[in-house]
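Asker: This is the structure I have questions about; it appears just below.
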Protein chains: 2
Amino acid sequence: MGGGAPEEAIGVQGRTRVMIEGITPAVDGGRFAAKRIIGDSVAVEADVFADGHDAVAVVLLWRPPAGEWHELRMVGVGNDRYLGRFDATEIGRYGFFISAWVDRFESWRRELARRPDDDPDWASALAVGRDLIEVARAGAGEHPDGLLLEAVLVALADAPTAGAQRVVMLDEALAAIMERQGARDHGTRSDEMVIRVERPRAGYGAWYEFFPRSFGRNGHGRLKDCLPMLRYIASMGFQVVYLPPISPIGRTHRKGANNAPLAAEGDVGSPWAIGNEEGGHKAIEPALGTLADFQWFLREAAALNLEVALDLAFQCSPDHPYVREHPEWFRHRPDGSIQYAENPPKKYQDIYPLHFECADWRALWQELKTVVLFWIGQGVRIFRVDNPHTKPFAFWEWLIDTVTAQHPDVLFLSEAFTRPKVMNRLCKLGFSYSYTYFTWRVSRYEITQYFRELTAPSMRDFFRPHVWPNTPDILPEHLQGAGRSAFALRFVLAATLAANYGIYGPAFELLDCEPLGPGKEEYRDSEKYQLRHWDIHREDSLRPLIARVNAIRDAHVALQSDGSLRFHETTNEQLLCYSKTPPDGTGHATLMIMNLDPYHRQNGMVHFPLEDAGFPRGEAAQMHDLLSDARYIWIGTDHYVDLDPAMAPGHIFELKRRARTEHHFDYYA
Amino acid sequence: MGGGAPEEAIGVQGRTRVMIEGITPAVDGGRFAAKRIIGDSVAVEADVFADGHDAVAVVLLWRPPAGEWHELRMVGVGNDRYLGRFDATEIGRYGFFISAWVDRFESWRRELARRPDDDPDWASALAVGRDLIEVARAGAGEHPDGLLLEAVLVALADAPTAGAQRVVMLDEALAAIMERQGARDHGTRSDEMVIRVERPRAGYGAWYEFFPRSFGRNGHGRLKDCLPMLRYIASMGFQVVYLPPISPIGRTHRKGANNAPLAAEGDVGSPWAIGNEEGGHKAIEPALGTLADFQWFLREAAALNLEVALDLAFQCSPDHPYVREHPEWFRHRPDGSIQYAENPPKKYQDIYPLHFECADWRALWQELKTVVLFWIGQGVRIFRVDNPHTKPFAFWEWLIDTVTAQHPDVLFLSEAFTRPKVMNRLCKLGFSYSYTYFTWRVSRYEITQYFRELTAPSMRDFFRPHVWPNTPDILPEHLQGAGRSAFALRFVLAATLAANYGIYGPAFELLDCEPLGPGKEEYRDSEKYQLRHWDIHREDSLRPLIARVNAIRDAHVALQSDGSLRFHETTNEQLLCYSKTPPDGTGHATLMIMNLDPYHRQNGMVHFPLEDAGFPRGEAAQMHDLLSDARYIWIGTDHYVDLDPAMAPGHIFELKRRARTEHHFDYYA
């Protein structure tokens, strides 16, 4: 380098004048795919500019999974930003990139438009444009545009005056042809980026988790016993039934009730201690039934419009066949014994973690993939992955990439209750959604901050929150010893803050609120270790509320995605106000106001300018409370709210505009 | 890919468990160098994490220009973010990258610390740690650490109890050795990034632009006539004198006074119409003097602590030698004539733009670089580049990269008054600073929004604002016909909002406010086309104010950089309040309150909680107004201000804390 540098020191792109920057969507600059749902209109944007004052031409090239490349012009939307859209009509991986060049004909045309007829340089300028057309005509070959350009040149030669020449050269049809046929020399091309388009269930769904073994007619429940449960779950409007692991449960060091170190006779053990002499991850616990029973279960669920999600827990009990067949897949202690799971001083002797750093890791990866493919073969299309953050990121990226390449309808839910960067990375690398901290976010400040973060532009391209007020592992402190109002509040929050949510039932709707002990987050008599008996017909069950809210979700597209979530000010720290609007502006907006205090009536003002919601100034809105069916008339910006937790956790308003005049009876639609 | 994929389908990085993300500083993900000033402590941060619960080791590797690589441990600062710092002690390009791996000894050590003495697995766990030490000892070879590790192993063997073994193994000295000697298998390495470290003048400077030809003792001024001007400029405390082009001025189509299309006899022409039979970009206009005179000028300036910045205008008059010698470097019209600059209907027949898309572009680039190297050879180290946005980005990137590789002390100022994305790109690719829209930002809202954008984290790593209240091209509307107060206001704003600013004088300090005509932004009787005579000793000159403000800047490091700029609320739209604090917390903070209305007295409250500025609650601050030397006592959060534009445009407060007790006379320091 330096003054005497040879010519070779100058890069060969010296005549490339157009820059492309700031492409969206792009996760980590394109390292990871951005996520979309089938049916979405995918908006691609970029900053594109050249030096000087020339016009630039910008095209978006995109292709559907396994399809051909399509090209479309991107349009300027101000400040050198360009926009192009395509519709995601298939699931799978779409590719796109941006190509741009100096648009010589358009640059010339803009100048000609400003040039006076009597400009002494008129003829010279005209000749420049004619040259561009001649080159395009030559390049068009047999394309019909070639003939059209030929005709333009003839018309130009015949035009007797500058005015007539101007008409020929500024013709819009000519501009359109030159847009297609003009030279694209010294263009710039962005890197290729990927959009992963998933099926609607990745974007929206209400999940119900339960332990089939608790629903035996007498004693240990079998899958075949679960038809009443499936009907019950469907009656509440859930879309997904999620089952804890159904594989054979280990016997060595089996845990007893309430996590006792030693099981008593007849204790059923934790479903997450997978594998015994009956088989491993590709078998079914005999006490639950057979593969044929599971097939029956899937069919019955499907008949009720329920999809079944299966747990994927890549760990083994000491009795798992892998321990015998592939001891090299486990970590060995210096004395030769296999290392069980430990977090000193805690010991989990019933679990052998897989050793992903072993020399034979490639075979281990391949085997684990066959587990996923096995259940896909059985008809499962959603996997809730247990603790993915304790296995390597590279493994998940490979697994999800290769599985979804074959089966693009398969979805993975990351059960990673861990640090934010780790949770984010798992979503970036391919998990369709992730568990969240919602479980522990209680106050207005906590909920507002957290959901603003989750739905910020930088996160929503890769992270889809899946929120749970409880899980078999977590009875959060604010529900311990709490009453029906607290459970109702957490349920409505989950179901209206997030398009994807789940509950672990019947513990949830039956208000199970007993912790294992003081300072513990686990349930007492947890179904993880024992059978429970639930009276799902109890009077105080949340079942009616759950059914109502799920029906509201199904009827309102605003509640079926998360990008539109906005929070609104209230004058009372116990009142949380947020809205969701339909992505494409069709359908009703929804406004939620929750009383975060399950013990006292709370009131205050909500700042929600109706003008911001598209109401003309001074026009009233009918606020239709979908929970209570009450209707209120609001006008202006600040509105009084009074909420009694004994009646309802809050309002779920549908915003209705006056659709008819006073000559009609029913004013609002 | 898919279930039966061969093993080769699995990437070879399967055992790499540590992820590195979100590295800062990084401009466009590392595509461009981030900028720093010599003496800065460079803070490098990144998100680093592994799956599971193992400890990670994170090191920063960095090297000074042409120096060796250094390694330092990065420390966790929470939320999986790691920080490492090095001092920028040289100008030039520093390289850095981050390397990370699972820290097996530290992970093991954390577990051992939590393991009880009577743990049945104690011996087995101990053996794991001993194995790690043995591997490290073998790897240490002849390094003294090897002997130390040997000693640890002996001590361990001699330790009779678990308690004694714990003492040996948890020893901090052992941890430090293992940090150096522990295995680094399956590590991750980030891309290499670049920090460009520049000299202090890139970060801080007050510029004064003038036309030497206006300062002849009688008739056309020569460089040799400018000693009084240099002394005058130095007396006002400027650091940089910027000269419009000093090269020979073309004669063909020379413009007359007030941009008249035809020059009259004796008209001096525009200095930006470069080149005639006397020479081109590497020659000096004979009417100004000789290269020897320029050498004299540089010496006299240096003696006054003034650095000279030269204009770099890569365009030619029709008389430039390039036109004869390299006609291929210009755009030709179909009739063979060279295309002059045009923006229909405007014509600039006195300017031939260089044709950067010509076939011979490599030779053109090399020649233009010799222009820069020529003036560097003369002793110039700052170039103010005229309209860089009308030349290719790739050219500037190459030019600045190769010039600064040889001459890292050379600075380039981008005079790109164009669209934001274009201005940003020029700074990203290497310009040390850029002209800004400050020239047209007048209201509180405009100034606040704009400077928040300029100093946001995403911009300040590459964009350094250089603000000008006027230029020879721009007498902004708010100064047209305006009085002294308006000029004083714009001056103090420029000098306190930005560490780098400049004025075009003496037009500015002598309050020249006459536009070429209604709706025009150009000066009447602009020095671009004619000589002007200025009485720099006029009574109403802003000279005393300028001298005072430049002295304040020199005495307050808070005003010598831009990253700390913060705006504060006021109750009056005409009161603009902002603060700057010293980067390293040493020295006084400054608080500016400007009355944006140059015609009326304005008052109101300023919201500036002294607690936020580090004052203990309830403690008073002495607000020392450096402009008027008045002192006010403030306490609490909201403060009354009353500003009369006839007296001063505002306050420049130094915040002083009570340093002595009431037993002393002078309480504040």
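By convention here, the chains of the structure tokens are called A, B, ... in the order presented, each chain's residues are numbered starting at 1, and ligands are numbered starting at 1 in the order presented.
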Write out, as CSV, each residue of chain A that has an atom at most 8 Å from chain B, together with the closest pair of atoms and their distance in Å to one decimal, counting only C-alpha atoms, rows going by chain and rising number.
Answerer:
```
residue,atom,partner,partner_atom,distance
A:Met1,CA,B:Thr402,CA,5.6
A:Gly2,CA,B:Thr402,CA,5.2
A:Gly3,CA,B:Thr370,CA,6.7
A:Glu7,CA,B:Arg362,CA,6.6
A:Ile10,CA,B:Arg362,CA,7.0
A:Gln13,CA,B:Ala394,CA,7.6
A:Gly14,CA,B:Ala394,CA,5.9
A:Arg15,CA,B:Glu357,CA,5.5
A:Thr16,CA,B:Ala394,CA,7.5
A:Arg17,CA,B:Pro392,CA,5.6
A:Gly29,CA,B:Gly29,CA,7.3
A:Asp47,CA,B:Lys421,CA,7.4
A:Phe49,CA,B:Val422,CA,7.0
A:Ala50,CA,B:Pro392,CA,7.7
A:Asp51,CA,B:Thr390,CA,5.1
A:Gly52,CA,B:Thr390,CA,4.0
A:His53,CA,B:Thr390,CA,7.5
A:Asn79,CA,B:Arg419,CA,7.2
A:Asp80,CA,B:Lys421,CA,7.0
A:Glu111,CA,B:Pro344,CA,6.0
A:Leu112,CA,B:Pro344,CA,7.7
A:Arg114,CA,B:Pro344,CA,5.5
A:Arg115,CA,B:Pro344,CA,5.3
A:Pro116,CA,B:Pro345,CA,6.9
A:Ser124,CA,B:Pro334,CA,6.4
A:Ala125,CA,B:Arg333,CA,7.8
A:Ala127,CA,B:Pro334,CA,6.3
A:Val128,CA,B:Pro334,CA,6.5
A:Arg333,CA,B:Ser124,CA,6.5
A:Pro334,CA,B:Ala127,CA,6.3
A:Asp335,CA,B:Ser124,CA,6.8
A:Asn343,CA,B:Glu111,CA,7.2
A:Pro344,CA,B:Arg115,CA,5.3
A:Pro345,CA,B:Arg115,CA,5.4
A:Phe356,CA,B:Arg15,CA,7.2
A:Glu357,CA,B:Arg15,CA,5.5
A:Trp361,CA,B:Gly14,CA,7.5
A:Arg362,CA,B:Glu7,CA,6.6
A:Ala363,CA,B:Glu7,CA,7.7
A:Gln366,CA,B:Gly3,CA,7.6
A:Lys369,CA,B:Gly3,CA,6.9
A:Thr370,CA,B:Gly3,CA,6.5
A:Leu373,CA,B:Gly3,CA,7.1
A:His389,CA,B:Asp51,CA,5.1
A:Thr390,CA,B:Gly52,CA,4.0
A:Lys391,CA,B:Asp51,CA,5.9
A:Pro392,CA,B:Asp51,CA,5.6
A:Phe393,CA,B:Asp51,CA,6.8
A:Ala394,CA,B:Gly14,CA,5.9
A:Phe395,CA,B:Gly14,CA,6.7
A:Trp398,CA,B:Ile10,CA,7.3
A:Thr402,CA,B:Gly2,CA,5.2
A:Val403,CA,B:Gly2,CA,6.1
A:Ala405,CA,B:Gly2,CA,7.2
A:Gln406,CA,B:Gly2,CA,6.1
A:Arg419,CA,B:Asn79,CA,7.2
A:Pro420,CA,B:Asn79,CA,7.4
A:Lys421,CA,B:Asp80,CA,7.1
A:Val422,CA,B:Phe49,CA,7.0
```
Asker: Mind listing the helix (DSSP H, G or I) residues of range 278-408 of chain A, per DSSP on the backbone, as a ChimeraX atom specification?
Answerer: /A:291-303,321-325,327-329,361-378,388-390,393-406
Asker: Need the shell around His355 in chain A: protein/DNA/RNA residues with any atom at most 6 Å away, counting only C-alpha atoms. Skip same-chain ones fewer than 6 positions apart. Format as a list of chain:residue names?
Answerer: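 Once the adjacent positions are removed, what remains is A:Trp329, A:Phe330, A:Arg331.
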Asker: Neighbouring residues of Val308 in chain A were defined as those with any atom within 10 Å, considering only C-alpha atoms; residues of the same chain fewer than 6 positions away were excluded. Please report them as an MDAnalysis selection string.
Answerer: chainID A and resid 207:209 239:243 297:299 301:302 379:383
Asker: Could you write out, as a PyMOL selection string, all the residues of range 28-205 of chain B that DSSP marks as strand (DSSP E or B)?
Answerer: chain B and resi 32+34-37+41-50+56-63+70-73+75-76+81-87+92-102+188-189+193-198+205
Asker: What does the distance from CA of Leu545 in chain A to CA of Gln449 in chain A come to in Å, to one decimal?
Answerer: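 Distance reported for this atom pair: 27.0 Å.
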Asker: What does the structure give for the distance between CA of Ala341 in chain B and CA of Gly275 in chain B, in Å to one decimal?
Answerer: 15.5 Å
Asker: Provide the CA of Pro645 in chain B to CA of Glu521 in chain B distance in Å, to one decimal place.
Answerer: 24.8 Å
